There are 2 protein chains.
Amino acid sequence: MRKQTVTAEDVAKRAGVSRAVVSRALSSNGSISPSTKEKVLRAAQELGYQVNFLAQGLNRQRSHLIGVIVARIGDPFRSSLLEGLLHEIQRRGYQALVTEITGEQDLTPTLRRFTQFRVSGVIVTSGKPPETLVNECVSQQIPVVGINRQPDIPLVDFVCSDNDSGAYQAAEQLFHSGCRRFGWLNNRGSTWAGMMRGEAFYQALHQLGVDTQRHISDITASEEGYEGGFQAARAWTGELPAGIFCANAQLACGFLDGMRQRGKFAPQDFHLIGFDNTPQSGQFSYQLTTLHQDVSEIARRALTRLLERAKNPLQPSRIEWVKVELIHRQTSPRIG
Amino acid sequence: MRKQTVTAEDVAKRAGVSRAVVSRALSSNGSISPSTKEKVLRAAQELGYQVNFLAQGLNRQRSHLIGVIVARIGDPFRSSLLEGLLHEIQRRGYQALVTEITGEQDLTPTLRRFTQFRVSGVIVTSGKPPETLVNECVSQQIPVVGINRQPDIPLVDFVCSDNDSGAYQAAEQLFHSGCRRFGWLNNRGSTWAGMMRGEAFYQALHQLGVDTQRHISDITASEEGYEGGFQAARAWTGELPAGIFCANAQLACGFLDGMRQRGKFAPQDFHLIGFDNTPQSGQFSYQLTTLHQDVSEIARRALTRLLERAKNPLQPSRIEWVKVELIHRQTSPRIG
DNA sequence: TTGAAAGCGTTACCAA
DNA sequence: TTGGTAACGCTTTCAA
């Protein structure tokens, strides 16, 4: 019975050279004459040689793996972000190691596992990794980048959608549509990004001359997602604000439906602007005016930051803000 | 400058034993006295020792990685299936290697990459891997399991939702609701699962005494997903069938919206039953009657099959049908 | 430009 | 029960 897998040794033998030469031919790392290189390549081809990434990684102290931490993939925005990341990771010749966490407590074992695989980098799209853990990564020269997370960890880069700009655009759209009473819809225990959007919304309205104490109401959902928005709408008792801004699309769609059930519709009875521009928000039944997050661009930048920091691990932390764009749909139609 | 990573050697030194003993203490594989085992474990703990999975995998010829092939994660059903798989993979102590493919042509490089990482198994949720490639896996003792794929590859196991049963349940529900003219909605270039559902629907209606030649119409969407269903509804010219069964939830929601735009509503103007029970299908705006696919159960069985075949690579191919359940909602209300 | 050899960190076999 | 040692497959000095 012959050996199952063909190794560099086999290729070397066939090409009449040494293992070392084979390595050089394939990694184009170290000098080699064009003719032997071709000879080796042909031999490798003929034998169907495939590098053993485990051995390669062990030797180089780094695999071609990139760890991705996600949560609640069922959420449409999250899954589209993951899709963007996978695409970009593969495009750059890496392979994604994906872990879904269900809470902060999963972060430690996950990050640890990633280091055990000697990943080339870690992308965090959910949770807030404890600083000590991140330091472990840093000390092992593993770059970490956070997406839409609070950018306050040294030596970690962040790529975030421009929440401020989004909130301003929303505030202006609502204000110039004639709204004078406003609502801010978010769920209890929101993400950092959600909270940023809320704060910026208040600020923007303040700058537009709105009395933020008296004319903005917080609408707080007791849970996240569609269900949270739905319940919040059903539970709302006060007067309905004319213009409502919402932390994300799922909440917004739920709110829309909850209000619909009470016989209230946008844009007739209130305006509503969401965030994320998930596929669902564009569907006929919702047609939600919303801020588009450019997941492809976010993914591209995240990878760029990762690879750059791999070369230069101690450079200061960088934060990149990715432009968001207001998509005008029915729940707050374009003005004029 | 001290060494960056702590190795088994370091632990051995500290515990006053050999590397081999350390290995045994951690893998509980090979005999070791309880006292030394504890000693080693403590030393490992104190040093914060973590096994290098690359080295381990290289030696054992198998990593603790499981490759997962997906496509269009943006689709709600697909992302929930992925979620289920990730959960199950992690629960069993493995780590998922996820690759998104955009077409059949991505399959070969992906599968090849998986073998280069010496994965413990491959789960295919999209695409139909060429038999030669699968044989490569088989010859390397890498188990492959397909989910909702056509079960016709030797030495590969399959886990599928019970499309037949689902189609029968749908047919009965529609028939007993009084429908006598039927429609089957699917998109051009559908998946195998979609086609199975259609065939079974025809069969079921036939058994119920329906003249399948004259009383069932094919409604064929020119593209998949919501958009496809929406367009199909807008483009439909014939008489609207009383009871429509649809290959999946996205198509169904799109169809519902497309009809809604034309002033036609379910269940007043027609009945509609979808497949998948995605979160969206339960939302207030759709309330789609649909067949629930149990993704957790599918994931569990897939992993079970994978691990079992790892032990016994040459056993005959197995197909498991996972029960589906009709969820009664508004588009075809429960009878009686 | 090439080859020999020394690792990379584990595990598994074989003696002791 | 233990320790030595030979793999696992690749990369990378260092000489030649």
# chains A, B, ... in the order shown; residues from 1 in each chain; ligands from 1
$ interface_residues --of "chain C" --to "chain A" --cutoff "12 Å" --atoms "only C-alpha atoms (C1' of nucleotides)" --output "list in words"
DT1, DT2, DG3, DA4, DA5, DG7, DC8, DG9 and DT10 of chain C
$ residues_around --residues "B:Lys39" --least-positions-apart "5" --cutoff "12 Å" --atoms "only C-alpha atoms (C1' of nucleotides)" --output "PyMOL selection string"
chain B and resi 11-17+21-22+25-26+32-34+44-46
$ write_last_selection --atoms "all heavy atoms" --output "CSV table (one decimal), in the first residue's frame"
chain,number,residue,atom,x,y,z
B,11,VAL,N,6.6,22.7,30.2
B,11,VAL,CA,5.8,22.1,31.2
B,11,VAL,C,6.5,20.9,31.8
B,11,VAL,O,6.5,20.7,33.0
B,11,VAL,CB,4.4,21.6,30.6
B,11,VAL,CG1,3.6,21.0,31.6
B,11,VAL,CG2,3.7,22.8,30.0
B,12,ALA,N,7.1,20.1,30.9
B,12,ALA,CA,7.8,18.9,31.3
B,12,ALA,C,8.9,19.3,32.3
B,12,ALA,O,9.1,18.7,33.3
B,12,ALA,CB,8.4,18.2,30.1
B,13,LYS,N,9.7,20.3,31.9
B,13,LYS,CA,10.8,20.7,32.8
B,13,LYS,C,10.2,21.1,34.2
B,13,LYS,O,10.7,20.6,35.2
B,13,LYS,CB,11.5,21.9,32.1
B,13,LYS,CG,13.0,21.8,32.3
B,13,LYS,CD,13.7,22.9,31.4
B,13,LYS,CE,13.7,22.4,29.9
B,13,LYS,NZ,14.1,23.4,29.0
B,14,ARG,N,9.2,21.9,34.1
B,14,ARG,CA,8.7,22.4,35.4
B,14,ARG,C,8.1,21.2,36.3
B,14,ARG,O,8.3,21.2,37.5
B,14,ARG,CB,7.6,23.4,35.2
B,14,ARG,CG,6.9,23.9,36.4
B,14,ARG,CD,6.2,25.2,36.2
B,14,ARG,NE,5.8,25.7,37.5
B,14,ARG,CZ,5.9,27.0,37.8
B,14,ARG,NH1,6.6,27.8,36.9
B,14,ARG,NH2,5.5,27.5,38.9
B,15,ALA,N,7.5,20.3,35.6
B,15,ALA,CA,6.9,19.2,36.4
B,15,ALA,C,7.9,18.1,36.7
B,15,ALA,O,7.6,17.1,37.4
B,15,ALA,CB,5.7,18.6,35.6
B,16,GLY,N,9.1,18.3,36.1
B,16,GLY,CA,10.1,17.3,36.3
B,16,GLY,C,9.9,15.9,35.7
B,16,GLY,O,10.2,14.9,36.2
B,17,VAL,N,9.3,16.0,34.5
B,17,VAL,CA,9.0,14.8,33.7
B,17,VAL,C,9.4,15.0,32.3
B,17,VAL,O,10.0,16.0,31.9
B,17,VAL,CB,7.5,14.4,33.8
B,17,VAL,CG1,7.0,14.1,35.2
B,17,VAL,CG2,6.7,15.5,33.2
B,21,VAL,N,5.3,12.4,28.8
B,21,VAL,CA,4.3,12.3,29.9
B,21,VAL,C,3.3,13.5,29.9
B,21,VAL,O,2.1,13.4,30.1
B,21,VAL,CB,5.1,12.4,31.3
B,21,VAL,CG1,4.1,12.4,32.4
B,21,VAL,CG2,5.9,11.1,31.4
B,22,VAL,N,3.9,14.6,29.5
B,22,VAL,CA,3.0,15.8,29.4
B,22,VAL,C,1.9,15.5,28.3
B,22,VAL,O,0.7,15.8,28.6
B,22,VAL,CB,3.8,17.0,28.9
B,22,VAL,CG1,2.9,18.2,28.7
B,22,VAL,CG2,4.9,17.4,30.0
B,25,ALA,N,-0.6,13.3,29.8
B,25,ALA,CA,-1.5,13.9,30.9
B,25,ALA,C,-2.6,14.7,30.2
B,25,ALA,O,-3.7,14.8,30.7
B,25,ALA,CB,-0.6,14.8,31.7
B,26,LEU,N,-2.3,15.4,29.1
B,26,LEU,CA,-3.3,16.2,28.5
B,26,LEU,C,-4.2,15.5,27.6
B,26,LEU,O,-5.4,15.9,27.5
B,26,LEU,CB,-2.6,17.4,27.8
B,26,LEU,CG,-2.2,18.5,28.8
B,26,LEU,CD1,-0.7,18.4,29.1
B,26,LEU,CD2,-2.6,19.8,28.2
B,32,ILE,N,-0.7,6.7,32.7
B,32,ILE,CA,0.0,7.7,33.6
B,32,ILE,C,-0.6,7.6,35.0
B,32,ILE,O,-1.8,7.4,35.2
B,32,ILE,CB,-0.2,9.1,33.0
B,32,ILE,CG1,0.6,10.1,33.8
B,32,ILE,CG2,-1.7,9.5,32.9
B,32,ILE,CD1,0.6,11.5,33.1
B,33,SER,N,0.3,7.7,35.9
B,33,SER,CA,-0.2,7.7,37.3
B,33,SER,C,-0.9,8.9,37.7
B,33,SER,O,-0.6,10.0,37.2
B,33,SER,CB,1.0,7.5,38.3
B,33,SER,OG,1.6,8.7,38.6
B,34,PRO,N,-2.0,8.8,38.5
B,34,PRO,CA,-2.8,9.9,38.9
B,34,PRO,C,-2.0,11.1,39.4
B,34,PRO,O,-2.2,12.2,39.1
B,34,PRO,CB,-3.7,9.4,39.9
B,34,PRO,CG,-3.8,7.9,39.6
B,34,PRO,CD,-2.5,7.5,39.1
B,44,ALA,N,1.2,22.8,33.9
B,44,ALA,CA,0.6,23.4,32.6
B,44,ALA,C,-0.2,24.6,33.0
B,44,ALA,O,-0.1,25.6,32.3
B,44,ALA,CB,-0.2,22.3,31.9
B,45,GLN,N,-1.1,24.4,34.0
B,45,GLN,CA,-1.9,25.5,34.4
B,45,GLN,C,-1.1,26.8,34.8
B,45,GLN,O,-1.3,27.9,34.3
B,45,GLN,CB,-2.7,25.1,35.7
B,45,GLN,CG,-3.6,26.1,36.3
B,45,GLN,CD,-4.9,26.2,35.5
B,45,GLN,OE1,-5.4,25.2,35.1
B,45,GLN,NE2,-5.3,27.5,35.3
B,46,GLU,N,-0.1,26.5,35.6
B,46,GLU,CA,0.7,27.7,36.1
B,46,GLU,C,1.4,28.4,34.9
B,46,GLU,O,1.6,29.6,34.9
B,46,GLU,CB,1.8,27.1,37.1
B,46,GLU,CG,1.2,26.7,38.4
B,46,GLU,CD,2.1,25.9,39.2
B,46,GLU,OE1,3.3,25.6,38.8
B,46,GLU,OE2,1.7,25.6,40.4
$ select_by_dssp --residues "stretch 180-278 of chain A" --states "strand (DSSP E)" --output "VMD selection string"
chain A and resid 182 to 187 216 to 221 243 to 246 271 to 276
$ atom_distance --atom1 "atom CA of B:Ile319" --atom2 "atom CA of B:Ile89"
20.0 Å
$ select_by_dssp --residues "stretch 290-327 of chain A" --states "alpha helix (DSSP H)" --output "VMD selection string"
chain A and resid 295 to 311
$ write_last_selection --atoms "C-alpha atoms" --output "compact mmCIF listing (two decimals), in the first residue's frame"
# COMPACT_ATOMS: atom_id res chain seq x y z
CA VAL A 295 -20.35 45.82 4.45
CA SER A 296 -18.00 45.19 1.54
CA GLU A 297 -16.05 48.30 2.33
CA ILE A 298 -16.01 47.47 6.02
CA ALA A 299 -14.67 44.01 5.23
CA ARG A 300 -12.02 45.35 2.88
CA ARG A 301 -10.76 47.84 5.40
CA ALA A 302 -10.77 45.30 8.19
CA LEU A 303 -8.54 43.00 6.20
CA THR A 304 -6.28 45.82 5.15
CA ARG A 305 -5.80 46.89 8.75
CA LEU A 306 -5.16 43.32 9.81
CA LEU A 307 -2.48 42.67 7.25
CA GLU A 308 -0.85 46.00 7.81
CA ARG A 309 -0.62 45.48 11.52
CA ALA A 310 0.80 42.03 10.90
CA LYS A 311 3.79 43.78 9.37
$ closest_atom_pairs --of "chain D" --to "chain A" --cutoff "10 Å" --atoms "only C-alpha atoms (C1' of nucleotides)" --output "tab-separated table"
residue	atom	partner	partner_atom	distance
D:DC8	C1'	A:Ala55	CA	7.8
D:DG9	C1'	A:Ala55	CA	5.2
D:DC10	C1'	A:Gln56	CA	5.1
D:DT11	C1'	A:Asn59	CA	6.1
D:DT12	C1'	A:Ala20	CA	8.7
$ write_last_selection --atoms "all heavy atoms" --output "compact mmCIF listing (two decimals), in the first residue's frame"
# COMPACT_ATOMS: atom_id res chain seq x y z
P DC D 8 6.49 9.61 8.75
OP1 DC D 8 5.59 8.49 8.39
OP2 DC D 8 7.61 9.98 7.86
O5' DC D 8 5.64 10.92 8.99
C5' DC D 8 4.46 10.92 9.78
C4' DC D 8 4.02 12.34 9.97
O4' DC D 8 4.71 12.89 11.12
C3' DC D 8 4.40 13.27 8.83
O3' DC D 8 3.30 13.35 7.93
C2' DC D 8 4.68 14.61 9.50
C1' DC D 8 4.73 14.29 10.99
N1 DC D 8 5.96 14.76 11.70
C2 DC D 8 5.82 15.44 12.91
O2 DC D 8 4.69 15.64 13.36
N3 DC D 8 6.94 15.86 13.56
C4 DC D 8 8.15 15.61 13.03
N4 DC D 8 9.22 16.03 13.70
C5 DC D 8 8.30 14.91 11.81
C6 DC D 8 7.19 14.51 11.18
P DG D 9 3.54 13.14 6.38
OP1 DG D 9 2.23 12.87 5.77
OP2 DG D 9 4.67 12.24 6.19
O5' DG D 9 4.01 14.59 5.92
C5' DG D 9 3.11 15.68 6.04
C4' DG D 9 3.87 16.96 5.88
O4' DG D 9 4.81 17.09 6.97
C3' DG D 9 4.71 17.06 4.60
O3' DG D 9 4.30 18.21 3.92
C2' DG D 9 6.14 17.12 5.09
C1' DG D 9 5.97 17.70 6.47
N9 DG D 9 7.03 17.41 7.41
C8 DG D 9 7.78 16.25 7.50
N7 DG D 9 8.67 16.29 8.46
C5 DG D 9 8.49 17.54 9.05
C6 DG D 9 9.17 18.15 10.13
O6 DG D 9 10.08 17.68 10.83
N1 DG D 9 8.69 19.42 10.41
C2 DG D 9 7.68 20.03 9.71
N2 DG D 9 7.34 21.26 10.10
N3 DG D 9 7.03 19.48 8.68
C4 DG D 9 7.50 18.24 8.41
P DC D 10 4.96 18.77 2.66
OP1 DC D 10 3.93 19.26 1.75
OP2 DC D 10 5.97 17.80 2.20
O5' DC D 10 5.70 20.04 3.26
C5' DC D 10 4.88 21.05 3.84
C4' DC D 10 5.73 21.98 4.67
O4' DC D 10 6.52 21.19 5.56
C3' DC D 10 6.72 22.81 3.86
O3' DC D 10 6.26 24.15 3.84
C2' DC D 10 8.04 22.70 4.59
C1' DC D 10 7.71 21.90 5.84
N1 DC D 10 8.75 20.90 6.18
C2 DC D 10 9.60 21.16 7.24
O2 DC D 10 9.49 22.21 7.86
N3 DC D 10 10.54 20.25 7.56
C4 DC D 10 10.64 19.10 6.87
N4 DC D 10 11.58 18.22 7.23
C5 DC D 10 9.77 18.82 5.78
C6 DC D 10 8.85 19.74 5.47
P DT D 11 6.95 25.21 2.93
OP1 DT D 11 5.99 26.29 2.65
OP2 DT D 11 7.62 24.49 1.83
O5' DT D 11 8.06 25.78 3.90
C5' DT D 11 7.65 26.48 5.07
C4' DT D 11 8.84 26.93 5.86
O4' DT D 11 9.64 25.80 6.26
C3' DT D 11 9.79 27.88 5.12
O3' DT D 11 10.09 28.92 6.02
C2' DT D 11 11.01 27.02 4.81
C1' DT D 11 11.01 26.07 6.00
N1 DT D 11 11.64 24.74 5.81
C2 DT D 11 12.58 24.34 6.73
O2 DT D 11 12.93 25.01 7.67
N3 DT D 11 13.11 23.07 6.50
C4 DT D 11 12.77 22.21 5.47
O4 DT D 11 13.31 21.12 5.38
C5 DT D 11 11.79 22.71 4.55
C7 DT D 11 11.38 21.86 3.39
C6 DT D 11 11.28 23.94 4.75
P DT D 12 10.68 30.28 5.48
OP1 DT D 12 9.87 31.37 6.05
OP2 DT D 12 10.86 30.16 4.02
O5' DT D 12 12.11 30.29 6.17
C5' DT D 12 12.28 29.77 7.47
C4' DT D 12 13.74 29.54 7.76
O4' DT D 12 14.10 28.19 7.41
C3' DT D 12 14.70 30.45 6.98
O3' DT D 12 15.71 30.87 7.86
C2' DT D 12 15.24 29.55 5.90
C1' DT D 12 15.27 28.20 6.63
N1 DT D 12 15.22 27.00 5.74
C2 DT D 12 15.91 25.86 6.14
O2 DT D 12 16.56 25.80 7.16
N3 DT D 12 15.80 24.81 5.28
C4 DT D 12 15.09 24.77 4.09
O4 DT D 12 15.06 23.76 3.41
C5 DT D 12 14.41 26.00 3.74
C7 DT D 12 13.61 26.08 2.47
C6 DT D 12 14.50 27.05 4.57
$ closest_atom_pairs --of "chain A" --to "chain B" --cutoff "7 Å" --atoms "only C-alpha atoms" --output "JSON lines"
{"residue": "A:Gln4", "atom": "CA", "partner": "B:Gln140", "partner_atom": "CA", "distance": 6.7}
{"residue": "A:Gln50", "atom": "CA", "partner": "B:Gln116", "partner_atom": "CA", "distance": 6.6}
{"residue": "A:Val51", "atom": "CA", "partner": "B:Gln116", "partner_atom": "CA", "distance": 6.4}
{"residue": "A:Asn52", "atom": "CA", "partner": "B:Gln116", "partner_atom": "CA", "distance": 5.1}
{"residue": "A:Phe53", "atom": "CA", "partner": "B:Phe117", "partner_atom": "CA", "distance": 5.4}
{"residue": "A:Leu54", "atom": "CA", "partner": "B:Leu54", "partner_atom": "CA", "distance": 5.0}
{"residue": "A:Ala55", "atom": "CA", "partner": "B:Leu58", "partner_atom": "CA", "distance": 6.0}
{"residue": "A:Gly57", "atom": "CA", "partner": "B:Leu54", "partner_atom": "CA", "distance": 6.7}
{"residue": "A:Leu58", "atom": "CA", "partner": "B:Leu54", "partner_atom": "CA", "distance": 5.6}
{"residue": "A:Ile73", "atom": "CA", "partner": "B:Glu83", "partner_atom": "CA", "distance": 6.1}
{"residue": "A:Gly74", "atom": "CA", "partner": "B:Ser80", "partner_atom": "CA", "distance": 5.3}
{"residue": "A:Pro76", "atom": "CA", "partner": "B:Gly74", "partner_atom": "CA", "distance": 6.6}
{"residue": "A:Ser79", "atom": "CA", "partner": "B:Gly74", "partner_atom": "CA", "distance": 5.7}
{"residue": "A:Ser80", "atom": "CA", "partner": "B:Gly74", "partner_atom": "CA", "distance": 5.3}
{"residue": "A:Glu83", "atom": "CA", "partner": "B:Ile73", "partner_atom": "CA", "distance": 6.1}
{"residue": "A:Leu86", "atom": "CA", "partner": "B:Glu100", "partner_atom": "CA", "distance": 6.6}
{"residue": "A:Ala96", "atom": "CA", "partner": "B:Val98", "partner_atom": "CA", "distance": 5.8}
{"residue": "A:Leu97", "atom": "CA", "partner": "B:Leu97", "partner_atom": "CA", "distance": 4.7}
{"residue": "A:Val98", "atom": "CA", "partner": "B:Ala96", "partner_atom": "CA", "distance": 5.8}
{"residue": "A:Thr99", "atom": "CA", "partner": "B:Leu86", "partner_atom": "CA", "distance": 6.9}
{"residue": "A:Glu100", "atom": "CA", "partner": "B:Leu86", "partner_atom": "CA", "distance": 6.6}
{"residue": "A:Gln116", "atom": "CA", "partner": "B:Asn52", "partner_atom": "CA", "distance": 5.1}
{"residue": "A:Phe117", "atom": "CA", "partner": "B:Phe53", "partner_atom": "CA", "distance": 5.4}
{"residue": "A:Gln140", "atom": "CA", "partner": "B:Gln4", "partner_atom": "CA", "distance": 6.7}
{"residue": "A:Asp257", "atom": "CA", "partner": "B:Phe284", "partner_atom": "CA", "distance": 6.0}
{"residue": "A:Phe284", "atom": "CA", "partner": "B:Asp257", "partner_atom": "CA", "distance": 6.0}
{"residue": "A:Ser285", "atom": "CA", "partner": "B:Ser285", "partner_atom": "CA", "distance": 6.6}
